[in-house]
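Only one structure is covered here, and it is reproduced in the block below.
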Amino acid sequence: MALAYLASDRALSLATIETPFFGLSFPGYVDPRVPYWHLGMHMNMDITRFLVEGREEQYLRHFFRDFAYNPNAVSEDEVRFYVMQMRQPGNLRASLNHYGYIPQMAEQTKELTRNKLAVPMLAWGGRRSFGDHCFDCAKAIANTSQGGVIEQCGHWVFEENPEFIAGQLQEFWPRHG
């Protein structure tokens with residue numbers, strides 16, 4: 001999003017899928033840190049690392065299964081691969097860096113969104129995950145937005161409904177890219 005704002009002369013469009021937005025302020029906006037416990041926990045990277053190390057499999061299974069509409073969308077082989085990767089030295093901490101940046105991201109977003117985003121924006125969220133949040137935020141910050149909520153879908157959009165989201169992107173990019 002920052003790139004689309006700061007380089008709008010080069011960015012043609014912005015597509016976000018299951019992307020939470022921090023630092024906004026509009027009627028009905030709820031900061032994702034409120035309903036999603038793990039965002040605040042992950043921001044405390046060292047504590048999270050301490051609690052998760054040695055339990056990577058249980059931790060990842062929770063997210064892959066409980067944040068999905070279809071708990072089998074991420075295959076057992078893929079889960080094992082993610083677990084193996086997360087157990088590599090430094091990878092758990094690296095995976096938490098994004099969350100540690102949330103407070104700065106919220107401040108940056110608050111500043112950037114004082115003006116409407118000039119490039120067209122696509123925003124989709126899974127009903128069993130961020131749902132309306134994604135498109136509501138897009139409508140609040142962009143002059144032109146499209147998207148919505150993907151029914152029977154959770155956080156793992158590309159695993160749970162790949163045909164739908166690929167179709168949406170194939171439709172959006174030629175018009176705005």
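Labels used: A, B, ... for chains in the order of the structure tokens, numbers from 1 for residues in each chain, and numbers from 1 for ligands as shown.
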Run DSSP on the backbone and give me the residues of chain A it puts in strand (DSSP E or B), as a VMD selection string.
-> chain A and resid 14 to 17 117 121 to 126 142 145 to 150
For the selection you just gave me, I'd like the residues written to a file as a short mmCIF file (atom, residue, chain, number, x, y, z; two decimals), in the first residue's frame, keeping all heavy atoms.
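Done, and the output landed in part.cif:
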data_model
loop_
_atom_site.label_atom_id
_atom_site.label_comp_id
_atom_site.auth_asym_id
_atom_site.auth_seq_id
_atom_site.Cartn_x
_atom_site.Cartn_y
_atom_site.Cartn_z
N LEU A 14 -3.48 -1.52 -7.16
CA LEU A 14 -3.12 -2.22 -5.93
C LEU A 14 -4.14 -3.33 -5.70
O LEU A 14 -5.35 -3.07 -5.67
CB LEU A 14 -3.13 -1.26 -4.74
CG LEU A 14 -2.93 -1.87 -3.35
CD1 LEU A 14 -1.56 -2.53 -3.24
CD2 LEU A 14 -3.11 -0.82 -2.28
N ALA A 15 -3.66 -4.55 -5.57
CA ALA A 15 -4.53 -5.69 -5.26
C ALA A 15 -4.11 -6.24 -3.90
O ALA A 15 -2.94 -6.54 -3.68
CB ALA A 15 -4.41 -6.78 -6.33
N THR A 16 -5.07 -6.35 -3.00
CA THR A 16 -4.80 -6.90 -1.66
C THR A 16 -5.78 -8.05 -1.41
O THR A 16 -6.96 -7.94 -1.70
CB THR A 16 -4.96 -5.83 -0.56
OG1 THR A 16 -6.31 -5.36 -0.55
CG2 THR A 16 -4.02 -4.67 -0.78
N ILE A 17 -5.23 -9.12 -0.89
CA ILE A 17 -6.04 -10.31 -0.62
C ILE A 17 -5.82 -10.69 0.85
O ILE A 17 -4.69 -10.95 1.26
CB ILE A 17 -5.62 -11.50 -1.52
CG1 ILE A 17 -5.48 -11.09 -2.99
CG2 ILE A 17 -6.57 -12.69 -1.32
CD1 ILE A 17 -6.71 -10.55 -3.66
N LEU A 117 -6.20 7.16 -2.13
CA LEU A 117 -5.29 6.46 -3.03
C LEU A 117 -5.73 6.71 -4.46
O LEU A 117 -6.90 6.52 -4.81
CB LEU A 117 -5.29 4.97 -2.71
CG LEU A 117 -4.37 4.07 -3.52
CD1 LEU A 117 -2.91 4.46 -3.29
CD2 LEU A 117 -4.59 2.63 -3.12
N MET A 121 -7.98 0.05 -6.68
CA MET A 121 -7.64 -0.94 -5.67
C MET A 121 -8.64 -2.09 -5.69
O MET A 121 -9.84 -1.89 -5.82
CB MET A 121 -7.64 -0.28 -4.29
CG MET A 121 -7.24 -1.18 -3.18
SD MET A 121 -7.05 -0.22 -1.66
CE MET A 121 -6.62 -1.53 -0.54
N LEU A 122 -8.10 -3.30 -5.57
CA LEU A 122 -8.89 -4.52 -5.44
C LEU A 122 -8.64 -5.07 -4.04
O LEU A 122 -7.49 -5.13 -3.60
CB LEU A 122 -8.45 -5.56 -6.48
CG LEU A 122 -9.13 -6.92 -6.43
CD1 LEU A 122 -10.58 -6.81 -6.89
CD2 LEU A 122 -8.37 -7.92 -7.29
N ALA A 123 -9.70 -5.44 -3.32
CA ALA A 123 -9.53 -5.96 -1.96
C ALA A 123 -10.57 -7.05 -1.69
O ALA A 123 -11.77 -6.81 -1.79
CB ALA A 123 -9.67 -4.85 -0.94
N TRP A 124 -10.08 -8.24 -1.38
CA TRP A 124 -10.94 -9.37 -1.04
C TRP A 124 -10.53 -9.93 0.31
O TRP A 124 -9.34 -9.97 0.64
CB TRP A 124 -10.80 -10.48 -2.08
CG TRP A 124 -11.49 -10.18 -3.37
CD1 TRP A 124 -10.92 -9.69 -4.51
CD2 TRP A 124 -12.89 -10.31 -3.64
NE1 TRP A 124 -11.87 -9.53 -5.48
CE2 TRP A 124 -13.09 -9.90 -4.97
CE3 TRP A 124 -13.98 -10.74 -2.89
CZ2 TRP A 124 -14.35 -9.91 -5.57
CZ3 TRP A 124 -15.23 -10.75 -3.49
CH2 TRP A 124 -15.41 -10.34 -4.81
N GLY A 125 -11.52 -10.38 1.06
CA GLY A 125 -11.27 -11.06 2.33
C GLY A 125 -12.15 -12.28 2.43
O GLY A 125 -13.26 -12.31 1.90
N GLY A 126 -11.65 -13.31 3.09
CA GLY A 126 -12.43 -14.53 3.31
C GLY A 126 -13.44 -14.32 4.42
O GLY A 126 -13.14 -13.71 5.45
N ALA A 142 -9.41 4.43 -1.02
CA ALA A 142 -9.13 4.54 -2.46
C ALA A 142 -10.26 5.26 -3.19
O ALA A 142 -11.44 5.11 -2.84
CB ALA A 142 -8.94 3.15 -3.06
N SER A 145 -12.40 1.46 -5.93
CA SER A 145 -12.14 0.17 -5.29
C SER A 145 -13.17 -0.85 -5.74
O SER A 145 -14.29 -0.49 -6.07
CB SER A 145 -12.17 0.30 -3.77
OG SER A 145 -13.42 0.80 -3.35
N GLN A 146 -12.75 -2.08 -5.75
CA GLN A 146 -13.66 -3.19 -6.01
C GLN A 146 -13.19 -4.38 -5.20
O GLN A 146 -12.06 -4.43 -4.74
CB GLN A 146 -13.74 -3.51 -7.51
CG GLN A 146 -12.46 -4.03 -8.12
CD GLN A 146 -12.58 -4.22 -9.62
OE1 GLN A 146 -12.57 -3.26 -10.36
NE2 GLN A 146 -12.70 -5.46 -10.03
N GLY A 147 -14.09 -5.33 -5.04
CA GLY A 147 -13.77 -6.51 -4.25
C GLY A 147 -14.95 -6.90 -3.40
O GLY A 147 -16.09 -6.67 -3.77
N GLY A 148 -14.67 -7.46 -2.24
CA GLY A 148 -15.73 -7.89 -1.36
C GLY A 148 -15.30 -9.02 -0.46
O GLY A 148 -14.13 -9.14 -0.11
N VAL A 149 -16.26 -9.86 -0.13
CA VAL A 149 -16.05 -10.98 0.78
C VAL A 149 -16.21 -12.28 -0.01
O VAL A 149 -17.16 -12.44 -0.76
CB VAL A 149 -17.04 -10.95 1.95
CG1 VAL A 149 -16.89 -12.16 2.85
CG2 VAL A 149 -16.87 -9.66 2.75
N ILE A 150 -15.29 -13.19 0.19
CA ILE A 150 -15.35 -14.49 -0.46
C ILE A 150 -16.05 -15.45 0.50
O ILE A 150 -15.52 -15.75 1.57
CB ILE A 150 -13.94 -15.01 -0.80
CG1 ILE A 150 -13.16 -13.97 -1.60
CG2 ILE A 150 -14.04 -16.34 -1.55
CD1 ILE A 150 -11.68 -14.25 -1.69
#
Might you pull out every residue within 9 Å of Val79 in chain A, with only C-alpha atoms counted and same-chain residues fewer than 3 positions away left off, and present them as a PDB file with N, CA, C and O atoms, in the first residue's frame?
ATOM      1  N   GLU A  57       4.875 -27.198  15.189  1.00  0.00           N
ATOM      2  CA  GLU A  57       3.851 -27.973  14.496  1.00  0.00           C
ATOM      3  C   GLU A  57       2.459 -27.691  15.045  1.00  0.00           C
ATOM      4  O   GLU A  57       1.520 -27.429  14.292  1.00  0.00           O
ATOM      5  N   LEU A  60       1.451 -24.006  14.061  1.00  0.00           N
ATOM      6  CA  LEU A  60       1.085 -23.834  12.654  1.00  0.00           C
ATOM      7  C   LEU A  60      -0.205 -24.568  12.317  1.00  0.00           C
ATOM      8  O   LEU A  60      -1.031 -24.056  11.553  1.00  0.00           O
ATOM      9  N   ARG A  61      -0.391 -25.756  12.871  1.00  0.00           N
ATOM     10  CA  ARG A  61      -1.631 -26.486  12.609  1.00  0.00           C
ATOM     11  C   ARG A  61      -2.841 -25.670  13.058  1.00  0.00           C
ATOM     12  O   ARG A  61      -3.881 -25.669  12.385  1.00  0.00           O
ATOM     13  N   PHE A  64      -3.367 -23.049  10.269  1.00  0.00           N
ATOM     14  CA  PHE A  64      -3.786 -23.639   8.995  1.00  0.00           C
ATOM     15  C   PHE A  64      -5.167 -24.275   9.079  1.00  0.00           C
ATOM     16  O   PHE A  64      -5.894 -24.316   8.092  1.00  0.00           O
ATOM     17  N   VAL A  74      -4.909 -26.683   3.193  1.00  0.00           N
ATOM     18  CA  VAL A  74      -3.450 -26.782   3.219  1.00  0.00           C
ATOM     19  C   VAL A  74      -3.137 -28.247   3.526  1.00  0.00           C
ATOM     20  O   VAL A  74      -3.479 -28.745   4.592  1.00  0.00           O
ATOM     21  N   SER A  75      -2.512 -28.918   2.575  1.00  0.00           N
ATOM     22  CA  SER A  75      -2.292 -30.369   2.694  1.00  0.00           C
ATOM     23  C   SER A  75      -1.310 -30.702   3.823  1.00  0.00           C
ATOM     24  O   SER A  75      -0.537 -29.852   4.268  1.00  0.00           O
ATOM     25  N   GLU A  76      -1.325 -31.954   4.238  1.00  0.00           N
ATOM     26  CA  GLU A  76      -0.392 -32.425   5.263  1.00  0.00           C
ATOM     27  C   GLU A  76       1.055 -32.216   4.827  1.00  0.00           C
ATOM     28  O   GLU A  76       1.895 -31.824   5.637  1.00  0.00           O
ATOM     29  N   TYR A  82       6.066 -26.361   6.002  1.00  0.00           N
ATOM     30  CA  TYR A  82       6.087 -25.110   6.772  1.00  0.00           C
ATOM     31  C   TYR A  82       6.719 -25.333   8.149  1.00  0.00           C
ATOM     32  O   TYR A  82       7.501 -24.508   8.620  1.00  0.00           O
ATOM     33  N   VAL A  83       6.362 -26.438   8.791  1.00  0.00           N
ATOM     34  CA  VAL A  83       6.933 -26.756  10.110  1.00  0.00           C
ATOM     35  C   VAL A  83       8.448 -26.901   9.991  1.00  0.00           C
ATOM     36  O   VAL A  83       9.202 -26.321  10.781  1.00  0.00           O
ATOM     37  N   MET A  84       8.898 -27.656   8.998  1.00  0.00           N
ATOM     38  CA  MET A  84      10.335 -27.848   8.790  1.00  0.00           C
ATOM     39  C   MET A  84      11.034 -26.501   8.571  1.00  0.00           C
ATOM     40  O   MET A  84      12.086 -26.235   9.140  1.00  0.00           O
TER      41      MET A  84
END
Nearest-residue call for Leu6 in chain A, choices A:His133, A:Pro120, A:Glu159, A:Leu112, using only C-alpha atoms | A:Leu112
Determine which residues of chain A receive a DSSP assignment of alpha helix (DSSP H), computed from the backbone, and state them as number ranges by chain.
-> A: 2-6, 37-43, 45-52, 56-66, 76-86, 91-100, 102-112, 132-141, 157-160, 162-176
Okay, now the selection with C-alpha atoms, as a PDB file, in the first residue's frame?
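Generated output (selection_4.pdb):
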ATOM      1  CA  ALA A   2       2.795   2.401   0.839  1.00  0.00           C
ATOM      2  CA  LEU A   3       4.335   1.856  -2.589  1.00  0.00           C
ATOM      3  CA  ALA A   4       1.004   2.583  -4.291  1.00  0.00           C
ATOM      4  CA  TYR A   5       0.781   5.866  -2.364  1.00  0.00           C
ATOM      5  CA  LEU A   6       4.409   6.928  -2.576  1.00  0.00           C
ATOM      6  CA  TRP A  37      -5.465 -12.054  19.434  1.00  0.00           C
ATOM      7  CA  HIS A  38      -2.441 -13.359  17.572  1.00  0.00           C
ATOM      8  CA  LEU A  39      -1.568  -9.985  16.018  1.00  0.00           C
ATOM      9  CA  GLY A  40      -0.832  -8.420  19.401  1.00  0.00           C
ATOM     10  CA  MET A  41       0.933 -11.532  20.606  1.00  0.00           C
ATOM     11  CA  HIS A  42       3.143 -11.722  17.521  1.00  0.00           C
ATOM     12  CA  MET A  43       4.093  -8.064  17.933  1.00  0.00           C
ATOM     13  CA  MET A  45       8.319 -11.227  18.991  1.00  0.00           C
ATOM     14  CA  ASP A  46      10.665 -12.500  21.688  1.00  0.00           C
ATOM     15  CA  ILE A  47       7.861 -13.749  23.945  1.00  0.00           C
ATOM     16  CA  THR A  48       6.121 -15.416  21.005  1.00  0.00           C
ATOM     17  CA  ARG A  49       9.358 -17.072  19.937  1.00  0.00           C
ATOM     18  CA  PHE A  50       9.894 -18.318  23.499  1.00  0.00           C
ATOM     19  CA  LEU A  51       6.364 -19.787  23.613  1.00  0.00           C
ATOM     20  CA  VAL A  52       6.358 -21.321  20.118  1.00  0.00           C
ATOM     21  CA  GLU A  56       5.983 -25.128  15.805  1.00  0.00           C
ATOM     22  CA  GLU A  57       3.851 -27.973  14.496  1.00  0.00           C
ATOM     23  CA  GLN A  58       1.007 -27.452  16.965  1.00  0.00           C
ATOM     24  CA  TYR A  59       1.164 -23.713  16.454  1.00  0.00           C
ATOM     25  CA  LEU A  60       1.085 -23.834  12.654  1.00  0.00           C
ATOM     26  CA  ARG A  61      -1.631 -26.486  12.609  1.00  0.00           C
ATOM     27  CA  HIS A  62      -3.819 -24.151  14.654  1.00  0.00           C
ATOM     28  CA  PHE A  63      -3.507 -21.402  12.054  1.00  0.00           C
ATOM     29  CA  PHE A  64      -3.786 -23.639   8.995  1.00  0.00           C
ATOM     30  CA  ARG A  65      -6.832 -25.464  10.358  1.00  0.00           C
ATOM     31  CA  ASP A  66      -8.669 -22.903  12.506  1.00  0.00           C
ATOM     32  CA  GLU A  76      -0.392 -32.425   5.263  1.00  0.00           C
ATOM     33  CA  ASP A  77       2.718 -32.275   3.069  1.00  0.00           C
ATOM     34  CA  GLU A  78       2.499 -28.481   2.959  1.00  0.00           C
ATOM     35  CA  VAL A  79       1.995 -28.266   6.735  1.00  0.00           C
ATOM     36  CA  ARG A  80       5.051 -30.472   7.309  1.00  0.00           C
ATOM     37  CA  PHE A  81       7.056 -28.307   4.913  1.00  0.00           C
ATOM     38  CA  TYR A  82       6.087 -25.110   6.772  1.00  0.00           C
ATOM     39  CA  VAL A  83       6.933 -26.756  10.110  1.00  0.00           C
ATOM     40  CA  MET A  84      10.335 -27.848   8.790  1.00  0.00           C
ATOM     41  CA  GLN A  85      11.014 -24.343   7.511  1.00  0.00           C
ATOM     42  CA  MET A  86       9.903 -22.636  10.715  1.00  0.00           C
ATOM     43  CA  ASN A  91      13.062 -18.489  10.621  1.00  0.00           C
ATOM     44  CA  LEU A  92      10.529 -18.206  13.444  1.00  0.00           C
ATOM     45  CA  ARG A  93      11.919 -14.819  14.430  1.00  0.00           C
ATOM     46  CA  ALA A  94      11.999 -13.741  10.784  1.00  0.00           C
ATOM     47  CA  SER A  95       8.359 -14.758  10.335  1.00  0.00           C
ATOM     48  CA  LEU A  96       7.410 -12.535  13.277  1.00  0.00           C
ATOM     49  CA  ASN A  97       9.161  -9.425  11.942  1.00  0.00           C
ATOM     50  CA  HIS A  98       6.112  -8.396   9.942  1.00  0.00           C
ATOM     51  CA  TYR A  99       4.031  -8.355  13.123  1.00  0.00           C
ATOM     52  CA  GLY A 100       6.654  -6.440  15.049  1.00  0.00           C
ATOM     53  CA  ILE A 102       2.539  -3.286  12.939  1.00  0.00           C
ATOM     54  CA  PRO A 103       2.744  -0.198  15.200  1.00  0.00           C
ATOM     55  CA  GLN A 104       4.981   1.590  12.670  1.00  0.00           C
ATOM     56  CA  MET A 105       2.785   0.384   9.829  1.00  0.00           C
ATOM     57  CA  ALA A 106      -0.282   1.819  11.571  1.00  0.00           C
ATOM     58  CA  GLU A 107       1.387   5.209  11.922  1.00  0.00           C
ATOM     59  CA  GLN A 108       2.542   5.164   8.304  1.00  0.00           C
ATOM     60  CA  THR A 109      -0.923   4.159   7.095  1.00  0.00           C
ATOM     61  CA  LYS A 110      -2.559   6.864   9.184  1.00  0.00           C
ATOM     62  CA  GLU A 111      -0.312   9.452   7.541  1.00  0.00           C
ATOM     63  CA  LEU A 112      -0.573   8.109   3.982  1.00  0.00           C
ATOM     64  CA  ASP A 132     -15.723  -7.182   5.275  1.00  0.00           C
ATOM     65  CA  HIS A 133     -12.679  -5.480   6.814  1.00  0.00           C
ATOM     66  CA  CYS A 134     -10.590  -5.693   3.635  1.00  0.00           C
ATOM     67  CA  PHE A 135     -13.093  -4.163   1.214  1.00  0.00           C
ATOM     68  CA  ASP A 136     -14.441  -1.635   3.745  1.00  0.00           C
ATOM     69  CA  CYS A 137     -10.891  -0.337   4.187  1.00  0.00           C
ATOM     70  CA  ALA A 138     -10.338  -0.198   0.423  1.00  0.00           C
ATOM     71  CA  LYS A 139     -13.524   1.837  -0.027  1.00  0.00           C
ATOM     72  CA  ALA A 140     -12.375   4.218   2.711  1.00  0.00           C
ATOM     73  CA  ILE A 141      -8.887   4.863   1.335  1.00  0.00           C
ATOM     74  CA  VAL A 157      -7.694 -17.717  -0.099  1.00  0.00           C
ATOM     75  CA  PHE A 158      -5.224 -19.074  -2.647  1.00  0.00           C
ATOM     76  CA  GLU A 159      -5.519 -22.574  -1.191  1.00  0.00           C
ATOM     77  CA  GLU A 160      -9.256 -22.538  -0.468  1.00  0.00           C
ATOM     78  CA  PRO A 162      -7.791 -20.456  -6.123  1.00  0.00           C
ATOM     79  CA  GLU A 163     -10.052 -20.361  -9.188  1.00  0.00           C
ATOM     80  CA  PHE A 164     -12.110 -17.497  -7.815  1.00  0.00           C
ATOM     81  CA  ILE A 165      -9.211 -15.297  -6.774  1.00  0.00           C
ATOM     82  CA  ALA A 166      -7.217 -16.035  -9.943  1.00  0.00           C
ATOM     83  CA  GLY A 167     -10.270 -15.027 -11.973  1.00  0.00           C
ATOM     84  CA  GLN A 168     -10.655 -11.798 -10.034  1.00  0.00           C
ATOM     85  CA  LEU A 169      -7.005 -10.897 -10.558  1.00  0.00           C
ATOM     86  CA  GLN A 170      -7.131 -11.831 -14.256  1.00  0.00           C
ATOM     87  CA  GLU A 171     -10.119  -9.531 -14.617  1.00  0.00           C
ATOM     88  CA  PHE A 172      -8.697  -6.647 -12.575  1.00  0.00           C
ATOM     89  CA  TRP A 173      -5.138  -6.394 -13.884  1.00  0.00           C
ATOM     90  CA  PRO A 174      -5.883  -6.005 -17.613  1.00  0.00           C
ATOM     91  CA  ARG A 175      -8.281  -3.139 -16.828  1.00  0.00           C
ATOM     92  CA  HIS A 176      -5.924  -1.447 -14.366  1.00  0.00           C
TER      93      HIS A 176
END
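Pairwise distance (CA of Met1 in chain A, CA of Arg33 in chain A) equals 18.6 Å.
Take CA of Gly54 in chain A and CA of Pro89 in chain A: the distance between them is 11.9 Å.
Among the candidate residues A:Thr19, A:Asn70, A:Ser13, A:Gln88, the one lying nearest to Cys153 in chain A is A:Asn70, with distances computed using only C-alpha atoms.
Nearest residue to Asn143 in chain A, choosing from A:Leu24, A:Val119, A:Gly131, A:Asp9 and counting only C-alpha atoms: A:Val119.
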